[in-house]
>>> print(open('entry30.cif').read())   # mmCIF, C-alpha atoms and all ligand atoms
data_coords
#
loop_
_atom_site.label_atom_id
_atom_site.label_comp_id
_atom_site.auth_asym_id
_atom_site.auth_seq_id
_atom_site.Cartn_x
_atom_site.Cartn_y
_atom_site.Cartn_z
CA MET M 1 -6.54 -8.48 -36.97
CA GLU M 2 -9.38 -6.28 -38.28
CA THR M 3 -10.32 -3.35 -36.03
CA THR M 4 -13.89 -4.66 -35.86
CA ASP M 5 -12.67 -8.10 -34.73
CA ARG M 6 -10.48 -6.44 -32.15
CA LEU M 7 -13.42 -4.44 -30.82
CA LYS M 8 -15.55 -7.55 -30.57
CA GLU M 9 -12.81 -9.58 -28.96
CA SER M 10 -12.11 -6.84 -26.43
CA TYR M 11 -15.81 -6.55 -25.55
CA HIS M 12 -16.10 -10.30 -25.20
CA THR M 13 -12.92 -10.62 -23.10
CA ASN M 14 -13.25 -7.60 -20.80
CA GLY M 15 -17.01 -7.12 -20.79
CA PHE M 16 -16.74 -3.45 -21.75
CA ILE M 17 -15.30 -1.08 -24.32
CA PHE M 18 -14.42 2.54 -23.85
CA LEU M 19 -15.08 5.04 -26.65
CA LYS M 20 -13.34 8.42 -26.46
CA LYS M 21 -15.15 11.59 -27.51
CA VAL M 22 -18.37 10.34 -29.08
CA LEU M 23 -19.90 13.80 -28.45
CA ASP M 24 -18.36 17.17 -29.17
CA ILE M 25 -18.62 20.16 -26.85
CA ASN M 26 -21.63 21.71 -28.61
CA ALA M 27 -23.61 18.47 -28.37
CA ILE M 28 -22.58 18.08 -24.72
CA GLU M 29 -23.68 21.59 -23.82
CA SER M 30 -27.04 21.35 -25.54
CA ALA M 31 -27.74 17.98 -23.88
CA ARG M 32 -26.86 19.42 -20.44
CA LEU M 33 -29.18 22.34 -21.05
CA ALA M 34 -32.05 20.16 -22.27
CA LEU M 35 -31.78 17.73 -19.34
CA ARG M 36 -31.27 20.24 -16.52
CA PRO M 37 -35.00 20.90 -15.89
CA ALA M 38 -35.56 17.16 -15.48
CA VAL M 39 -32.80 17.01 -12.87
CA THR M 40 -34.40 19.89 -10.95
CA GLU M 41 -37.75 18.13 -11.12
CA ALA M 42 -36.25 14.81 -9.95
CA ARG M 43 -34.73 16.53 -6.91
CA ARG M 44 -38.02 18.27 -6.21
CA GLN M 45 -39.80 14.91 -6.24
CA ALA M 46 -37.21 12.64 -4.62
CA GLY M 47 -35.10 15.02 -2.56
CA TRP M 48 -31.57 16.38 -2.73
CA ASN M 49 -29.98 12.96 -2.74
CA ALA M 50 -31.74 11.56 -5.79
CA GLN M 51 -29.02 9.88 -7.83
CA ARG M 52 -30.86 8.71 -10.92
CA LEU M 53 -33.79 9.60 -13.13
CA SER M 54 -35.16 6.26 -14.16
CA PRO M 55 -36.59 6.25 -16.68
CA LEU M 56 -35.94 9.66 -18.11
CA GLN M 57 -39.11 9.18 -20.18
CA LYS M 58 -41.03 9.54 -16.91
CA TYR M 59 -40.49 13.28 -17.27
CA PRO M 60 -42.35 13.80 -20.56
CA TYR M 61 -43.29 17.42 -20.01
CA ILE M 62 -39.76 18.37 -19.19
CA VAL M 63 -37.58 16.27 -21.44
CA HIS M 64 -38.60 16.82 -25.00
CA PRO M 65 -38.98 13.37 -26.59
CA ASN M 66 -36.40 14.24 -29.19
CA VAL M 67 -33.59 14.99 -26.78
CA ILE M 68 -32.27 11.44 -26.57
CA PRO M 69 -32.75 10.51 -30.26
CA SER M 70 -31.07 13.77 -31.29
CA LEU M 71 -28.17 13.06 -28.99
CA TYR M 72 -27.60 9.65 -30.58
CA LYS M 73 -27.76 11.15 -34.06
CA LEU M 74 -24.69 13.15 -33.07
CA CYS M 75 -22.83 9.97 -32.08
CA PRO M 76 -21.97 8.11 -35.34
CA LYS M 77 -18.90 6.61 -33.65
CA LEU M 78 -21.08 5.06 -30.96
CA GLN M 79 -23.62 3.79 -33.47
CA ARG M 80 -20.82 2.18 -35.51
CA ALA M 81 -19.57 0.39 -32.39
CA VAL M 82 -23.11 -0.80 -31.63
CA GLU M 83 -23.37 -2.19 -35.17
CA VAL M 84 -20.04 -3.98 -34.94
CA LEU M 85 -20.84 -5.51 -31.58
CA PHE M 86 -24.48 -6.43 -32.04
CA LYS M 87 -25.35 -6.89 -35.70
CA ASP M 88 -24.60 -10.63 -35.46
CA CYS M 89 -26.66 -11.24 -32.34
CA ILE M 90 -29.52 -8.69 -32.33
CA ALA M 91 -31.83 -8.46 -35.34
CA PRO M 92 -32.61 -5.88 -36.46
CA CYS M 93 -29.39 -4.29 -35.27
CA PRO M 94 -30.24 -1.62 -32.65
CA ASP M 95 -30.47 1.93 -33.90
CA MET M 96 -29.94 3.92 -30.74
CA ALA M 97 -31.50 7.07 -32.25
CA ASN M 98 -34.76 5.42 -33.24
CA ASP M 99 -35.41 2.36 -31.11
CA LEU M 100 -37.59 3.06 -28.14
CA HIS M 101 -36.20 1.91 -24.84
CA HIS M 102 -35.92 3.15 -21.32
CA THR M 103 -33.11 5.59 -20.75
CA SER M 104 -31.89 6.71 -17.34
CA LEU M 105 -29.83 9.68 -16.25
CA LEU M 106 -27.32 9.29 -13.43
CA ILE M 107 -26.78 12.40 -11.31
CA GLU M 108 -24.81 13.26 -8.20
CA PRO M 109 -26.46 13.18 -4.77
CA LYS M 110 -26.34 16.70 -3.38
CA THR M 111 -25.39 16.19 0.25
CA MET M 112 -24.70 12.51 0.90
CA LYS M 113 -22.16 9.96 -0.23
CA TRP M 114 -23.82 6.99 -1.84
CA SER M 115 -22.92 3.71 -3.49
CA THR M 116 -24.64 0.86 -5.26
CA GLY M 117 -22.15 -1.52 -3.68
CA LEU M 118 -20.53 -4.26 -5.76
CA HIS M 119 -23.17 -6.13 -7.71
CA ARG M 120 -24.33 -7.88 -10.85
CA ASP M 121 -27.56 -6.47 -12.29
CA TYR M 122 -30.68 -8.58 -11.79
CA ARG M 123 -28.89 -11.08 -9.55
CA ASP M 124 -28.33 -8.58 -6.74
CA PHE M 125 -31.10 -6.03 -7.21
CA SER M 126 -34.01 -8.17 -8.27
CA ASP M 127 -35.82 -10.89 -6.43
CA LEU M 128 -34.27 -13.92 -8.06
CA ASP M 129 -35.55 -15.70 -5.01
CA ASN M 130 -36.28 -19.06 -6.49
CA GLN M 131 -33.91 -21.46 -8.17
CA GLU M 132 -35.79 -21.31 -11.45
CA SER M 133 -35.48 -17.55 -11.94
CA PHE M 134 -31.86 -17.64 -10.80
CA GLN M 135 -31.09 -20.31 -13.40
CA ARG M 136 -32.93 -18.30 -16.04
CA TRP M 137 -30.67 -15.34 -15.19
CA GLN M 138 -27.58 -17.55 -15.42
CA ARG M 139 -28.60 -18.78 -18.87
CA ALA M 140 -29.34 -15.20 -19.98
CA CYS M 141 -25.80 -14.16 -19.00
CA CYS M 142 -24.48 -16.38 -21.82
CA GLU M 143 -26.55 -14.51 -24.42
CA ASN M 144 -24.65 -11.76 -26.24
CA ALA M 145 -27.97 -10.12 -27.14
CA MET M 146 -28.79 -9.33 -23.53
CA PHE M 147 -27.58 -7.15 -20.66
CA ASN M 148 -25.69 -4.63 -22.80
CA GLN M 149 -25.65 -1.09 -21.41
CA ILE M 150 -24.23 2.26 -22.43
CA ASN M 151 -23.01 5.14 -20.29
CA ILE M 152 -22.44 8.50 -22.00
CA SER M 153 -20.98 11.14 -19.73
CA LEU M 154 -21.98 14.78 -20.11
CA TYR M 155 -19.49 15.79 -17.36
CA ASP M 156 -16.24 14.08 -16.36
CA ASP M 157 -17.27 10.95 -14.49
CA ASP M 158 -15.16 8.49 -12.46
CA CYS M 159 -17.99 6.91 -10.45
CA LEU M 160 -18.10 3.49 -12.10
CA TRP M 161 -15.82 0.59 -11.15
CA ILE M 162 -15.74 -2.69 -13.08
CA ILE M 163 -14.00 -6.02 -12.58
CA PRO M 164 -12.81 -6.81 -16.13
CA GLY M 165 -13.74 -10.27 -17.37
CA SER M 166 -16.01 -11.08 -14.42
CA HIS M 167 -19.01 -11.38 -16.75
CA ARG M 168 -17.57 -14.71 -17.98
CA ARG M 169 -17.20 -16.40 -14.60
CA LYS M 170 -18.70 -16.84 -11.16
CA ASP M 171 -17.72 -14.67 -8.17
CA ASN M 172 -14.65 -15.74 -6.25
CA LEU M 173 -14.71 -15.77 -2.46
CA MET M 174 -13.47 -12.20 -1.93
CA GLU M 175 -15.92 -10.83 -4.46
CA ARG M 176 -18.74 -12.69 -2.74
CA VAL M 177 -17.79 -11.18 0.61
CA ILE M 178 -17.76 -7.66 -0.84
CA VAL M 179 -21.07 -8.18 -2.63
CA PHE M 180 -22.62 -9.29 0.66
CA SER M 181 -21.09 -6.40 2.59
CA ARG M 182 -23.71 -4.20 0.92
CA PHE M 183 -26.36 -5.74 3.13
CA LEU M 184 -24.19 -5.75 6.20
CA LEU M 185 -23.48 -2.05 5.94
CA ASP M 186 -26.69 -0.84 4.35
CA TYR M 187 -24.30 0.51 1.76
CA ARG M 188 -26.91 0.95 -0.94
CA LEU M 189 -28.72 3.44 1.24
CA GLY M 190 -25.50 5.13 2.23
CA MET M 191 -26.98 6.08 5.55
CA SER M 192 -26.65 3.16 7.91
CA LYS M 193 -27.57 4.24 11.40
CA ARG M 194 -25.79 1.20 12.80
CA ILE M 195 -22.31 1.67 11.36
CA PRO M 196 -22.31 5.15 9.86
CA LEU M 197 -18.56 5.48 9.67
CA LEU M 198 -18.07 2.38 7.56
CA SER M 199 -21.15 2.65 5.46
CA THR M 200 -20.53 6.17 4.25
CA HIS M 201 -16.76 6.01 4.10
CA HIS M 202 -15.80 5.35 0.50
CA GLY M 203 -12.11 4.85 1.30
CA TRP M 204 -12.34 1.25 2.54
CA PHE M 205 -14.65 0.30 -0.31
CA LYS M 206 -12.28 1.64 -2.96
CA LEU M 207 -9.36 -0.15 -1.32
CA ALA M 208 -11.33 -3.38 -1.31
CA LEU M 209 -12.27 -2.93 -4.96
CA LYS M 210 -8.65 -2.25 -5.94
CA ALA M 211 -7.51 -5.31 -4.00
CA ILE M 212 -9.79 -7.56 -6.04
CA GLY M 213 -8.72 -6.07 -9.38
CA ALA M 214 -11.59 -3.64 -10.08
CA LYS M 215 -10.82 -0.81 -12.49
CA GLN M 216 -12.10 2.72 -12.00
CA ILE M 217 -13.53 3.95 -15.30
CA MET M 218 -12.28 7.50 -15.92
CA MET M 219 -14.60 9.16 -18.39
CA CYS M 220 -14.26 12.69 -19.73
CA ALA M 221 -17.33 14.62 -20.82
CA GLY M 222 -18.39 13.20 -24.19
CA ASP M 223 -16.91 9.69 -23.70
CA ALA M 224 -19.00 6.52 -23.82
CA LEU M 225 -18.73 3.08 -22.31
CA ILE M 226 -20.57 -0.02 -23.54
CA PHE M 227 -20.65 -2.78 -20.93
CA ARG M 228 -22.35 -6.02 -19.88
CA ASN M 229 -24.43 -5.31 -16.81
CA HIS M 230 -24.09 -8.80 -15.33
CA ILE M 231 -20.39 -8.00 -14.89
CA LEU M 232 -19.34 -7.23 -11.30
CA HIS M 233 -19.49 -3.45 -11.00
CA ALA M 234 -20.11 -0.66 -8.51
CA GLY M 235 -21.08 2.99 -8.61
CA ILE M 236 -19.45 5.22 -5.98
CA TYR M 237 -21.03 8.64 -5.75
CA TYR M 238 -19.81 11.85 -4.18
CA PRO M 239 -21.90 14.92 -3.46
CA GLY M 240 -20.82 18.17 -4.99
CA ARG M 241 -19.17 16.75 -8.11
CA ILE M 242 -21.59 17.36 -10.95
CA ARG M 243 -22.67 14.20 -12.71
CA MET M 244 -24.96 13.84 -15.69
CA THR M 245 -24.44 10.50 -17.36
CA ILE M 246 -26.89 8.94 -19.78
CA HIS M 247 -27.40 5.32 -18.73
CA ASP M 248 -29.05 3.37 -21.49
CA ALA M 249 -29.77 -0.14 -22.67
CA VAL M 250 -28.99 -1.72 -26.02
CA TYR M 251 -32.49 -2.97 -26.68
CA SER M 252 -33.16 -6.57 -27.72
CA LYS M 253 -36.42 -8.49 -27.75
CA LYS M 254 -34.78 -11.33 -25.79
CA TRP M 255 -33.76 -8.94 -23.02
CA GLN M 256 -37.15 -7.28 -22.97
CA ASP M 257 -38.87 -10.70 -22.66
CA PHE M 258 -36.52 -11.66 -19.84
CA ALA M 259 -37.09 -8.37 -17.99
CA VAL M 260 -40.87 -8.71 -18.02
CA SER M 261 -40.71 -12.37 -17.00
CA ILE M 262 -38.78 -11.97 -13.74
O1 LIG M 301 -23.29 4.62 -11.68
C1 LIG M 301 -23.01 3.88 -12.61
O2 LIG M 301 -22.35 4.24 -13.59
C2 LIG M 301 -23.44 2.44 -12.56
C3 LIG M 301 -24.81 2.25 -12.09
C4 LIG M 301 -25.06 0.82 -11.75
O3 LIG M 301 -24.22 0.19 -11.19
C5 LIG M 301 -26.30 0.18 -12.09
O4 LIG M 301 -27.22 0.84 -12.58
O5 LIG M 301 -26.44 -1.04 -11.89
#
>>> encode(input="entry30.cif", output="structure tokens", more="lines below")
Ligand SMILES: O=C(O)CCC(=O)C(=O)O
Amino acid sequence: METTDRLKESYHTNGFIFLKKVLDINAIESARLALRPAVTEARRQAGWNAQRLSPLQKYPYIVHPNVIPSLYKLCPKLQRAVEVLFKDCIAPCPDMANDLHHTSLLIEPKTMKWSTGLHRDYRDFSDLDNQESFQRWQRACCENAMFNQINISLYDDDCLWIIPGSHRRKDNLMERVIVFSRFLLDYRLGMSKRIPLLSTHHGWFKLALKAIGAKQIMMCAGDALIFRNHILHAGIYYPGRIRMTIHDAVYSKKWQDFAVSI
């Protein structure tokens, strides 16, 4: 089978592909340096436990507008993968260095453990409170042109867990229970006053994720991951372990229209 077919099949089957070393050490170091003032500013604005800058473009005086485009220009391997995966379903095929879209930066909370909990994007973090918008989300999940995200790690990063293949099916009972436990434990805030031990203790959550077949994504600095964000996934964050991971979207008009309509 052609390598490109294999890449596509793997993305379709698992819901993610892992790309080793899309950035070399020089590119990594200059990106860290360029983004550091924005991280300082985010912590000044949101406190020590800020864990994402979203969008990074919100910091225009700090992040030079060329930082992100320049970074992508140094990632031909990533751009090739984007072309292979999306040229048939997104027209024109996304050019990550030139297309304007919102980019986030994921960083480590300074003093507190934190987690997103297990979730599917939009379904669990947006108000899909009526049947119509929920059904619209369900239909959108079948579109290859939508819900495609990229993580590029500038430091080693093992925060993300994914349940392979879950983008192609509904939750099973155990997954449902774990998704709902976020609300029970105030997990997203990581600071439940009611059950502090459970809500900030990552051990039980990791065990539960392993038990239902989630995989911890082990990225080294310079690696990239392309993934469907309606897949079941969770971010587990530890203070004190430096994290700077670009969190970006593969732009499509269909996705943009969906995002503004919900
Ligand atoms: O921390 C990560 O890598 C994943 C973040 C995440 O789960 C999300 O933005 O929905």
>>> axis_aligned_box(input="entry30.cif", around="ligand LIG 301 (chain M)", padding_each_side="4 Å", output="JSON")
{"center_x": -24.8, "center_y": 1.8, "center_z": -12.4, "size_x": 12.9, "size_y": 13.7, "size_z": 10.4}
>>> residues_around(input="entry30.cif", residues="M:Arg6", least_positions_apart="5", cutoff="12 Å", atoms="only C-alpha atoms", output="list in words")
Met1, Tyr11, His12, Thr13, Asn14, Ile17, Ala81, Val84 and Leu85 of chain M
>>> residues_near_ligand(input="entry30.cif", ligand="ligand LIG 301 (chain M)", cutoff="10 Å", atoms="only C-alpha atoms and all ligand atoms", output="NGL selection string")
:M and (51-52 or 54 or 104-108 or 115-122 or 124-125 or 149-153 or 157-162 or 217 or 225 or 229-237 or 243 or 245-248)
>>> closest_residue(input="entry30.cif", among="M:Leu53, M:Leu154, M:Cys142, M:Cys75", to="M:Arg169", atoms="only C-alpha atoms")
M:Cys142
>>> atom_distance(input="entry30.cif", atom1="atom CA of M:Val250", atom2="atom CA of M:Phe180")
28.5 Å
>>> atom_distance(input="entry30.cif", atom1="atom CA of M:Gly222", atom2="atom CA of M:Ile28")
6.5 Å
>>> closest_residue(input="entry30.cif", among="M:Lys87, M:Arg228, M:Lys253, M:Lys110", to="M:Val39", atoms="all atoms listed in the file")
M:Lys110
>>> atom_distance(input="entry30.cif", atom1="atom CA of M:Val82", atom2="atom CA of M:Leu56")
21.4 Å
>>> build_atoms(input="entry30.cif", residues="stretch 72-86 of chain M", atoms="N, CA and C atoms", output="JSON list (two decimals), in the frame of the given file")
[["chain", "number", "residue", "atom", "x", "y", "z"],
["M", 72, "TYR", "N", -28.21, 10.80, -29.91],
["M", 72, "TYR", "CA", -27.60, 9.65, -30.58],
["M", 72, "TYR", "C", -27.26, 9.96, -32.04],
["M", 73, "LYS", "N", -28.06, 10.83, -32.65],
["M", 73, "LYS", "CA", -27.76, 11.15, -34.06],
["M", 73, "LYS", "C", -26.41, 11.86, -34.17],
["M", 74, "LEU", "N", -25.98, 12.46, -33.05],
["M", 74, "LEU", "CA", -24.69, 13.15, -33.07],
["M", 74, "LEU", "C", -23.53, 12.22, -32.68],
["M", 75, "CYS", "N", -23.84, 10.93, -32.54],
["M", 75, "CYS", "CA", -22.83, 9.97, -32.08],
["M", 75, "CYS", "C", -22.58, 8.87, -33.12],
["M", 76, "PRO", "N", -22.16, 9.19, -34.34],
["M", 76, "PRO", "CA", -21.97, 8.11, -35.34],
["M", 76, "PRO", "C", -20.94, 7.08, -34.88],
["M", 77, "LYS", "N", -19.95, 7.54, -34.11],
["M", 77, "LYS", "CA", -18.90, 6.61, -33.65],
["M", 77, "LYS", "C", -19.51, 5.54, -32.73],
["M", 78, "LEU", "N", -20.42, 5.99, -31.88],
["M", 78, "LEU", "CA", -21.08, 5.06, -30.96],
["M", 78, "LEU", "C", -21.98, 4.10, -31.74],
["M", 79, "GLN", "N", -22.72, 4.64, -32.69],
["M", 79, "GLN", "CA", -23.62, 3.79, -33.47],
["M", 79, "GLN", "C", -22.83, 2.74, -34.26],
["M", 80, "ARG", "N", -21.66, 3.15, -34.78],
["M", 80, "ARG", "CA", -20.82, 2.18, -35.51],
["M", 80, "ARG", "C", -20.38, 1.05, -34.57],
["M", 81, "ALA", "N", -20.00, 1.42, -33.35],
["M", 81, "ALA", "CA", -19.57, 0.39, -32.39],
["M", 81, "ALA", "C", -20.73, -0.55, -32.06],
["M", 82, "VAL", "N", -21.93, 0.03, -31.92],
["M", 82, "VAL", "CA", -23.11, -0.80, -31.63],
["M", 82, "VAL", "C", -23.34, -1.78, -32.79],
["M", 83, "GLU", "N", -23.17, -1.30, -34.02],
["M", 83, "GLU", "CA", -23.37, -2.19, -35.17],
["M", 83, "GLU", "C", -22.34, -3.32, -35.18],
["M", 84, "VAL", "N", -21.09, -2.95, -34.95],
["M", 84, "VAL", "CA", -20.04, -3.98, -34.94],
["M", 84, "VAL", "C", -20.32, -5.03, -33.87],
["M", 85, "LEU", "N", -20.71, -4.57, -32.70],
["M", 85, "LEU", "CA", -20.84, -5.51, -31.58],
["M", 85, "LEU", "C", -22.12, -6.34, -31.64],
["M", 86, "PHE", "N", -23.19, -5.75, -32.21],
["M", 86, "PHE", "CA", -24.48, -6.43, -32.04],
["M", 86, "PHE", "C", -25.18, -6.88, -33.31]]
